[in-house]
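Engineer: Before I ask anything, here is the structure I am working with.
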Amino acid sequence: MNISGVKHLDRGMQRVENLERKALQDLQDVFAKTNHIYMFCYDALSGEVTDIHADEDEMAYLRKYFLSHKDALVRQFRDGDIENVIDAPMEESHLMMRGLSLRGEKRKLVGVWVMMAIDGNALSEDTYLSNAYRKTTRAQFDEATELLETLTERYMEEMIRKDRLSDDLGQVENSGRKTEALLKKSEALTEILKSLEEEGDFIHVAKKILEQVTEFYGISNASILRLNSDQETVDMIIECSKSRESLINDFHHVSISELPFFTGRPYTISSSADAPKEFQRFLNKYDVMSGVFLPIKVSEQNGMYVCFLVHGEERRWTMDEVKFLNDVKCVLQTVLVKRITKNSLASSYSTLESILENTGCGIAVVDARKRMLLYTNGTYKEMVRNEVDSSTLEMLLLDTKDAETKHFEYHSVASDFWYDLSFENIHWVDGRSVRLCTLYDISEMKQYQKRIERQANMDYLTGLYNRKRCELDLDIEIRNAKRESAEGALLYIDLDDFKNINDGLGHTVGDALLVAVADEFQKITGVTVKAYRAGGDEFALIIPASENQRIEKIVNRIMDAFATPWNLEDQEYYCTMSMGAVYFPKDGEDVTTLMQRADFALRDAKHHGKNHVEFYSEKTGERAIQRLDMERALRSAVEHDCSEFLVYYQPIVDASQPGHPCRGAEALVRWQSKDLGFVMPGDFVPLAEYLGLIVPIGQHVLLEACKRCKFWNDYGHPEYKVHVNLSVIQLIRDDIVLTVQDALESTGLMPSNLTLEVTEGLAVQDMEAMNRILAELKKMGVRVALDDFGTGYSSLSYMRDMPLDTIKIDKSFIDDVGQDDFSDAFVKTVSSLAEAIDVDVVVEGVEDQKQTEALREMKVDLIQGYYYDKPLPQDKFEEKYCIETPYKL
């Protein structure tokens, strides 16, 4: 979005000339669908920038109830206003409409998001809308607005940053073009000055000078005219022509009356100028578009003219060009005078000094053999005013070690200026061999280059260098390590469950976490070890070979930092990390190999659980290849409607009843891959969570489980309930309530027969948000179970604070039940507390009769484990528990 190129419009609105419609349309479509709303982006001058994604019935509904309000809503926004969000008054309580501004620099209004939503909870009994219409709640609409506001601000900041970077690049390119032109001018002037050394006749030397001028400035024709002895006619004695037939044959005894410029005065005629009639006749006759005519005086008499003509194209002469051509005229006049009076050295030096003083660049002339500075012009003295710089630069000019060097850049440390220096060996006016140095100030260009380099290498959120800079520095450190025959290390770090924090708690908290992690890395590593943000929630640390002895200490300090909660906006949040590490050059001698192997090690670390470090080995590489194969197969399975994912069912029995009858089952996912065969959840679920594929897989399992439980309920077992696990990623999504509601509505399952299991690890992230989501689920009639109770950050207060129906005690406490006092005490305590607050207790992982008897004494009724049955395919479970008699001991 070209924010700097907007046009001011009435009503305080601005129109973006090159609005990135497709990017906005894609952002809008995904956002609207995810949040169950309708929206479009509006520009007051051109109308809708994006299209509403809706079918014909939906569009008819939107036109009837919403779109008539859009103009009045958009007109309320003004440039510079503090408000970003404005609500439109609606006639019906279930209709919600609001505008959200897109603002550029200085809060200039660029456009308005128009958001429309239907509050499903506020629909009256006589208002019916089918499930085809998108419906949300007022609270979710507010959250969606807040998220869109954040996304829009990020989007606009990025567009502004791009424009600024583009402006900077333009300035650098312009500065570069100016410098290049100055260098070319310097080269041309140097060659022209060399002509002073030529020993040939005037016509030979002058023609070489004119050839330099036509080549440098792209002039069509350069010539010298001489007044004949009759004082009435003119001949062309020298010509250099590049674009058309020669004029020299036509310029023989031309009457001076036909040459209006032959007056002894200089003339500059540009294409756009209105020339007098006599000049216009001359220009037309010789097909000249523009020209510069300068007199060359001989013994103070107007005897010659040097003419610079342009044919076939328009030309507007600049001051620099005219000044340069005047300098050329002076050189020609000096050469002519030198030929006339060979011994007039003082005259030549005076003329040369006059030229050099007006070249526009610094000039210094050095006698390298005698180590003597012969001449500096005023520009040079102005550019090098600092005494320290002046002394240092003079030593550099007098140094004969680099006598062959023609061109280089020089940084003046004392004044922090950058100069471009060019050298040429010439003969001075007195005939001695000297070095002519031209000096240009390129400090401004260098500052722009440095600024752009910083922008290209810096991550602005964290203040760390980015991945590009990491790769450049890593290449340097690899070469240093090889030269020193030592080993350095690259640590590649990924934050565990960062996406959950970012999506569930908001981008503000997510950004605060990234900044806090970056600060911690800088505290840990110090100056010599560099930290980088490699992208998203990934970081990299380069430990050079010189710090080899600190590798283990740095790794341990990083692990310690992530073992404690992060304080973000006065709240504590747990976030762990996974780390992959490689040694260089042992594990790779180039950047690509090392980065790839560090990523392999990182993936291996994630496979082993949170807050784990894995150093690369050959086995790591083999496992990484296997995981890549699994990742490809996993993505393919999800793309094909998750049909490869099977739902197995493990019975939950009631030990308090005779025969220990089945009361339902836990739905457990298995993967029958067409490429990899049968895959257990422990092998693919962590990878699916890492890749974000657990959401569609989880929705598939939820829908299938609801279908089967509905079948069980309808065919003789209305008491059966199905337990379905929710992952962290599923639970924190804004649409989880609607997802569950859709599954219940589409299958017809009674909500009370669905139990959703959440792990207690979820609760530690944000108890308030967790309780709000669970409360909405319970409001639907769905039951909620806390799984793996007793592990991780467990707290008995969860039983009191969370809206629970069931506690599932982790298998680790059941393994030693009846034999270990702590396990017995824990199970008894949880069972007693659960009974007091009317919460069911289920124990999982029961494998033998002794455990069953011990649990029976503790008044634990609901039991799950291999002692009763393993997880079974759907057909096997239904054959055993739905058609035949319940399980008997």
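We name chains A, B, ... following the order of the structure tokens; residues begin at 1 in each chain, and ligands are numbered from 1 as shown.
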If you run DSSP over the backbone, which residues in region 27-162 of chain A end up alpha helix (DSSP H)? Put them as number ranges by chain.

Structural biologist: A: 27-35, 56-65, 70-75, 138-162

Engineer: Which is closer to Gly378 (chain A) than all the others in A:Leu227, A:Ile296, A:Ile363, A:Val817, using only C-alpha atoms?

Structural biologist: A:Ile363

Engineer: Which residue out of A:Gly80, A:Pro89, A:Pro718, A:Gly845 has the minimum interatomic distance to Asp815 (chain A) when only C-alpha atoms are used?

Structural biologist: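 Once distances to Asp815 (chain A) are computed over only C-alpha atoms, the minimum belongs to A:Gly845.
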
Engineer: Residues near region 438-455 of chain A, anyone? I mean within 6 Å using only C-alpha atoms, not counting same-chain ones fewer than 5 positions away, as a list in words.

Structural biologist: Val172, Ser175, Cys361, Gly362, Ile363, Phe417, Trp418, Tyr419, Asp420, Leu421 and Ser422 of chain A

Engineer: Keeping only all heavy atoms, write the selected residues to a file as a tab-separated table (two decimals), in the first residue's frame.

Structural biologist:
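New file selection-v5.tsv:
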chain	number	residue	atom	x	y	z
A	172	VAL	N	19.14	6.77	-2.20
A	172	VAL	CA	20.47	6.17	-2.40
A	172	VAL	C	20.77	6.03	-3.88
A	172	VAL	O	21.88	6.32	-4.34
A	172	VAL	CB	20.55	4.78	-1.71
A	172	VAL	CG1	21.82	4.06	-2.12
A	172	VAL	CG2	20.52	4.95	-0.21
A	175	SER	N	21.53	9.43	-5.17
A	175	SER	CA	22.85	9.82	-4.73
A	175	SER	C	23.92	9.07	-5.51
A	175	SER	O	24.95	9.62	-5.90
A	175	SER	CB	23.00	9.55	-3.22
A	175	SER	OG	24.30	9.88	-2.80
A	361	CYS	N	34.49	19.73	-7.51
A	361	CYS	CA	35.01	18.66	-6.66
A	361	CYS	C	36.34	19.10	-6.08
A	361	CYS	O	36.93	20.09	-6.52
A	361	CYS	CB	35.18	17.37	-7.48
A	361	CYS	SG	36.41	17.49	-8.78
A	362	GLY	N	36.81	18.37	-5.08
A	362	GLY	CA	38.10	18.67	-4.49
A	362	GLY	C	39.23	18.23	-5.43
A	362	GLY	O	39.18	17.15	-6.00
A	363	ILE	N	40.24	19.09	-5.63
A	363	ILE	CA	41.38	18.78	-6.50
A	363	ILE	C	42.66	18.98	-5.71
A	363	ILE	O	42.84	19.99	-5.02
A	363	ILE	CB	41.40	19.69	-7.75
A	363	ILE	CG1	40.16	19.45	-8.61
A	363	ILE	CG2	42.68	19.48	-8.56
A	363	ILE	CD1	40.19	18.17	-9.38
A	417	PHE	N	33.63	11.53	7.83
A	417	PHE	CA	33.22	11.75	6.45
A	417	PHE	C	33.77	10.64	5.57
A	417	PHE	O	34.83	10.07	5.85
A	417	PHE	CB	33.72	13.11	5.92
A	417	PHE	CG	32.95	14.28	6.43
A	417	PHE	CD1	33.56	15.29	7.16
A	417	PHE	CD2	31.59	14.40	6.17
A	417	PHE	CE1	32.84	16.37	7.63
A	417	PHE	CE2	30.86	15.49	6.63
A	417	PHE	CZ	31.48	16.47	7.37
A	418	TRP	N	33.05	10.37	4.49
A	418	TRP	CA	33.51	9.41	3.48
A	418	TRP	C	33.82	10.18	2.19
A	418	TRP	O	33.06	11.05	1.78
A	418	TRP	CB	32.44	8.36	3.19
A	418	TRP	CG	32.39	7.26	4.21
A	418	TRP	CD1	31.67	7.24	5.36
A	418	TRP	CD2	33.10	6.01	4.15
A	418	TRP	NE1	31.88	6.06	6.03
A	418	TRP	CE2	32.74	5.28	5.32
A	418	TRP	CE3	33.99	5.44	3.24
A	418	TRP	CZ2	33.26	4.02	5.58
A	418	TRP	CZ3	34.51	4.18	3.51
A	418	TRP	CH2	34.14	3.48	4.66
A	419	TYR	N	34.96	9.81	1.55
A	419	TYR	CA	35.36	10.45	0.31
A	419	TYR	C	35.62	9.40	-0.76
A	419	TYR	O	36.07	8.29	-0.47
A	419	TYR	CB	36.63	11.28	0.50
A	419	TYR	CG	36.50	12.38	1.53
A	419	TYR	CD1	37.12	12.27	2.77
A	419	TYR	CD2	35.75	13.53	1.26
A	419	TYR	CE1	36.99	13.27	3.72
A	419	TYR	CE2	35.63	14.53	2.21
A	419	TYR	CZ	36.25	14.40	3.44
A	419	TYR	OH	36.12	15.37	4.36
A	420	ASP	N	35.34	9.80	-2.00
A	420	ASP	CA	35.70	8.99	-3.15
A	420	ASP	C	36.92	9.65	-3.81
A	420	ASP	O	36.84	10.83	-4.22
A	420	ASP	CB	34.53	8.92	-4.13
A	420	ASP	CG	34.82	8.01	-5.29
A	420	ASP	OD1	35.50	8.45	-6.25
A	420	ASP	OD2	34.37	6.85	-5.25
A	421	LEU	N	38.03	8.93	-3.90
A	421	LEU	CA	39.29	9.47	-4.42
A	421	LEU	C	39.63	8.80	-5.75
A	421	LEU	O	39.54	7.57	-5.87
A	421	LEU	CB	40.45	9.25	-3.45
A	421	LEU	CG	40.58	10.25	-2.28
A	421	LEU	CD1	39.50	10.02	-1.25
A	421	LEU	CD2	41.95	10.12	-1.64
A	422	SER	N	40.01	9.60	-6.75
A	422	SER	CA	40.48	9.10	-8.03
A	422	SER	C	41.83	9.73	-8.34
A	422	SER	O	42.04	10.93	-8.08
A	422	SER	CB	39.49	9.42	-9.15
A	422	SER	OG	38.26	8.79	-8.93

Engineer: For Thr576 (chain A), please output as a list in words all residues within 10 Å (counting only C-alpha atoms; exclusion window: fewer than 2 positions along the same chain).

Structural biologist: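 So the residues in contact are Asp494, Leu495, Asp496, Asp497, Phe498, Met559, Asp560, Ala561, Phe562, Ala563, Thr564, Pro565, Trp566, Tyr573, Tyr574, Ser578, Gly609, Lys610, Asn611 and His612 of chain A.
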
Engineer: Keeping N, CA and C atoms for every residue in the selection just given, could you write it to a file as a PDB file, in the first residue's frame?

Structural biologist:
ATOM      1  N   ASP A 494      13.137 -22.798  19.281  1.00  0.00           N
ATOM      2  CA  ASP A 494      11.738 -22.558  18.928  1.00  0.00           C
ATOM      3  C   ASP A 494      10.909 -22.575  20.215  1.00  0.00           C
ATOM      4  N   LEU A 495      10.026 -21.576  20.372  1.00  0.00           N
ATOM      5  CA  LEU A 495       9.191 -21.501  21.569  1.00  0.00           C
ATOM      6  C   LEU A 495       8.067 -22.523  21.475  1.00  0.00           C
ATOM      7  N   ASP A 496       7.902 -23.318  22.524  1.00  0.00           N
ATOM      8  CA  ASP A 496       6.832 -24.316  22.546  1.00  0.00           C
ATOM      9  C   ASP A 496       5.485 -23.631  22.747  1.00  0.00           C
ATOM     10  N   ASP A 497       4.514 -24.037  21.969  1.00  0.00           N
ATOM     11  CA  ASP A 497       3.124 -23.555  22.116  1.00  0.00           C
ATOM     12  C   ASP A 497       2.997 -22.048  22.002  1.00  0.00           C
ATOM     13  N   PHE A 498       3.951 -21.384  21.292  1.00  0.00           N
ATOM     14  CA  PHE A 498       3.834 -19.928  21.160  1.00  0.00           C
ATOM     15  C   PHE A 498       2.565 -19.535  20.421  1.00  0.00           C
ATOM     16  N   MET A 559      17.993 -22.969  29.343  1.00  0.00           N
ATOM     17  CA  MET A 559      16.999 -23.912  29.864  1.00  0.00           C
ATOM     18  C   MET A 559      16.439 -23.434  31.205  1.00  0.00           C
ATOM     19  N   ASP A 560      17.317 -22.882  32.053  1.00  0.00           N
ATOM     20  CA  ASP A 560      16.876 -22.363  33.349  1.00  0.00           C
ATOM     21  C   ASP A 560      15.907 -21.191  33.164  1.00  0.00           C
ATOM     22  N   ALA A 561      16.202 -20.336  32.180  1.00  0.00           N
ATOM     23  CA  ALA A 561      15.344 -19.166  31.941  1.00  0.00           C
ATOM     24  C   ALA A 561      13.931 -19.588  31.565  1.00  0.00           C
ATOM     25  N   PHE A 562      13.816 -20.687  30.806  1.00  0.00           N
ATOM     26  CA  PHE A 562      12.493 -21.130  30.355  1.00  0.00           C
ATOM     27  C   PHE A 562      11.804 -22.048  31.365  1.00  0.00           C
ATOM     28  N   ALA A 563      12.487 -22.392  32.420  1.00  0.00           N
ATOM     29  CA  ALA A 563      11.870 -23.240  33.444  1.00  0.00           C
ATOM     30  C   ALA A 563      11.006 -22.429  34.402  1.00  0.00           C
ATOM     31  N   THR A 564      11.142 -21.112  34.347  1.00  0.00           N
ATOM     32  CA  THR A 564      10.366 -20.228  35.220  1.00  0.00           C
ATOM     33  C   THR A 564       9.366 -19.438  34.378  1.00  0.00           C
ATOM     34  N   PRO A 565       8.286 -18.928  34.986  1.00  0.00           N
ATOM     35  CA  PRO A 565       7.277 -18.187  34.212  1.00  0.00           C
ATOM     36  C   PRO A 565       7.805 -16.842  33.732  1.00  0.00           C
ATOM     37  N   TRP A 566       7.203 -16.346  32.662  1.00  0.00           N
ATOM     38  CA  TRP A 566       7.547 -15.041  32.103  1.00  0.00           C
ATOM     39  C   TRP A 566       6.517 -14.022  32.594  1.00  0.00           C
ATOM     40  N   TYR A 573       3.160 -16.125  32.766  1.00  0.00           N
ATOM     41  CA  TYR A 573       2.808 -17.121  31.765  1.00  0.00           C
ATOM     42  C   TYR A 573       3.977 -18.095  31.600  1.00  0.00           C
ATOM     43  N   TYR A 574       3.646 -19.361  31.499  1.00  0.00           N
ATOM     44  CA  TYR A 574       4.673 -20.370  31.255  1.00  0.00           C
ATOM     45  C   TYR A 574       4.827 -20.580  29.752  1.00  0.00           C
ATOM     46  N   SER A 578      12.220 -25.491  22.740  1.00  0.00           N
ATOM     47  CA  SER A 578      12.958 -26.648  22.249  1.00  0.00           C
ATOM     48  C   SER A 578      14.173 -26.128  21.493  1.00  0.00           C
ATOM     49  N   GLY A 609       9.651 -33.841  23.693  1.00  0.00           N
ATOM     50  CA  GLY A 609       8.902 -33.098  24.711  1.00  0.00           C
ATOM     51  C   GLY A 609       9.408 -31.681  24.857  1.00  0.00           C
ATOM     52  N   LYS A 610       8.781 -30.935  25.773  1.00  0.00           N
ATOM     53  CA  LYS A 610       9.098 -29.527  25.931  1.00  0.00           C
ATOM     54  C   LYS A 610      10.376 -29.319  26.737  1.00  0.00           C
ATOM     55  N   ASN A 611      10.994 -28.127  26.514  1.00  0.00           N
ATOM     56  CA  ASN A 611      12.225 -27.729  27.217  1.00  0.00           C
ATOM     57  C   ASN A 611      13.313 -28.783  27.076  1.00  0.00           C
ATOM     58  N   HIS A 612      13.493 -29.242  25.849  1.00  0.00           N
ATOM     59  CA  HIS A 612      14.475 -30.291  25.576  1.00  0.00           C
ATOM     60  C   HIS A 612      15.510 -29.764  24.587  1.00  0.00           C
TER      61      HIS A 612
END

Engineer: Which is closer to Arg226 (chain A) than all the others in A:Ala775, A:Ile203, A:Leu210, A:Val638, using only C-alpha atoms?

Structural biologist: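 Closest residue, counting only C-alpha atoms: A:Ile203.
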
Engineer: Among region 404-524 of chain A, which residues carry a DSSP assignment of strand (DSSP E or B), reported as a ChimeraX atom specification?

Structural biologist: /A:407-412,417-427,433-441,458,465-466,488-495

Engineer: Quick check, in Å to one decimal: how far apart do CA of His53 (chain A) and CA of Asn84 (chain A) lie?

Structural biologist: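 About the pair CA of His53 (chain A) and CA of Asn84 (chain A): they are 23.5 Å apart.
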
Engineer: Write out as a PyMOL selection string the residues lying within 9 Å of Glu719 (chain A), counting only C-alpha atoms and excluding same-chain residues fewer than 2 positions away.

Structural biologist: chain A and resi 663-664+712-713+716-717+721+753

Engineer: So the first atom is CA of Val529 (chain A) and the second is CA of Glu484 (chain A); what is the distance between them in Å, to one decimal place?

Structural biologist: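 Answer for the CA of Val529 (chain A) to CA of Glu484 (chain A) separation: 17.3 Å.
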
Engineer: Neighbours of region 639-646 of chain A within 6 Å (only C-alpha atoms; same-chain residues fewer than 2 positions away dropped), as a ChimeraX atom specification?

Structural biologist: /A:636-637,669-673

Engineer: Those residues with N, CA and C atoms, as a PDB file, in the first residue's frame please?

Structural biologist:
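Result file out-v1.pdb:
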ATOM      1  N   SER A 636      -0.858 -34.733   3.523  1.00  0.00           N
ATOM      2  CA  SER A 636      -1.678 -35.367   2.496  1.00  0.00           C
ATOM      3  C   SER A 636      -2.946 -35.963   3.103  1.00  0.00           C
ATOM      4  N   ALA A 637      -2.812 -36.611   4.275  1.00  0.00           N
ATOM      5  CA  ALA A 637      -3.971 -37.227   4.924  1.00  0.00           C
ATOM      6  C   ALA A 637      -5.006 -36.176   5.326  1.00  0.00           C
ATOM      7  N   VAL A 669      -7.547 -41.345  18.714  1.00  0.00           N
ATOM      8  CA  VAL A 669      -7.251 -41.315  17.294  1.00  0.00           C
ATOM      9  C   VAL A 669      -6.098 -42.255  16.958  1.00  0.00           C
ATOM     10  N   ARG A 670      -6.211 -42.912  15.818  1.00  0.00           N
ATOM     11  CA  ARG A 670      -5.142 -43.728  15.251  1.00  0.00           C
ATOM     12  C   ARG A 670      -5.025 -43.346  13.775  1.00  0.00           C
ATOM     13  N   TRP A 671      -3.868 -43.628  13.201  1.00  0.00           N
ATOM     14  CA  TRP A 671      -3.636 -43.221  11.817  1.00  0.00           C
ATOM     15  C   TRP A 671      -3.257 -44.431  10.979  1.00  0.00           C
ATOM     16  N   GLN A 672      -4.096 -44.738  10.023  1.00  0.00           N
ATOM     17  CA  GLN A 672      -3.809 -45.809   9.061  1.00  0.00           C
ATOM     18  C   GLN A 672      -3.349 -45.126   7.769  1.00  0.00           C
ATOM     19  N   SER A 673      -2.035 -44.847   7.706  1.00  0.00           N
ATOM     20  CA  SER A 673      -1.486 -44.092   6.580  1.00  0.00           C
ATOM     21  C   SER A 673      -1.312 -44.997   5.370  1.00  0.00           C
TER      22      SER A 673
END

Engineer: Between A:Tyr133, A:Tyr866, A:Tyr460, A:Tyr155, single out the one closest to Leu27 (chain A), counting only C-alpha atoms.

Structural biologist: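 With only C-alpha atoms as the atom set, the closest residue is A:Tyr155.
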
Engineer: What does the structure give for the distance between CA of Val306 (chain A) and CA of Phe423 (chain A), in Å to one decimal?

Structural biologist: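 Calculated distance between CA of Val306 (chain A) and CA of Phe423 (chain A) is 29.0 Å.
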
Engineer: Pick the closest to Ala633 (chain A) from A:Phe308, A:Phe684, A:Tyr690, A:Tyr532: which is it, counting only C-alpha atoms?

Structural biologist: A:Phe684
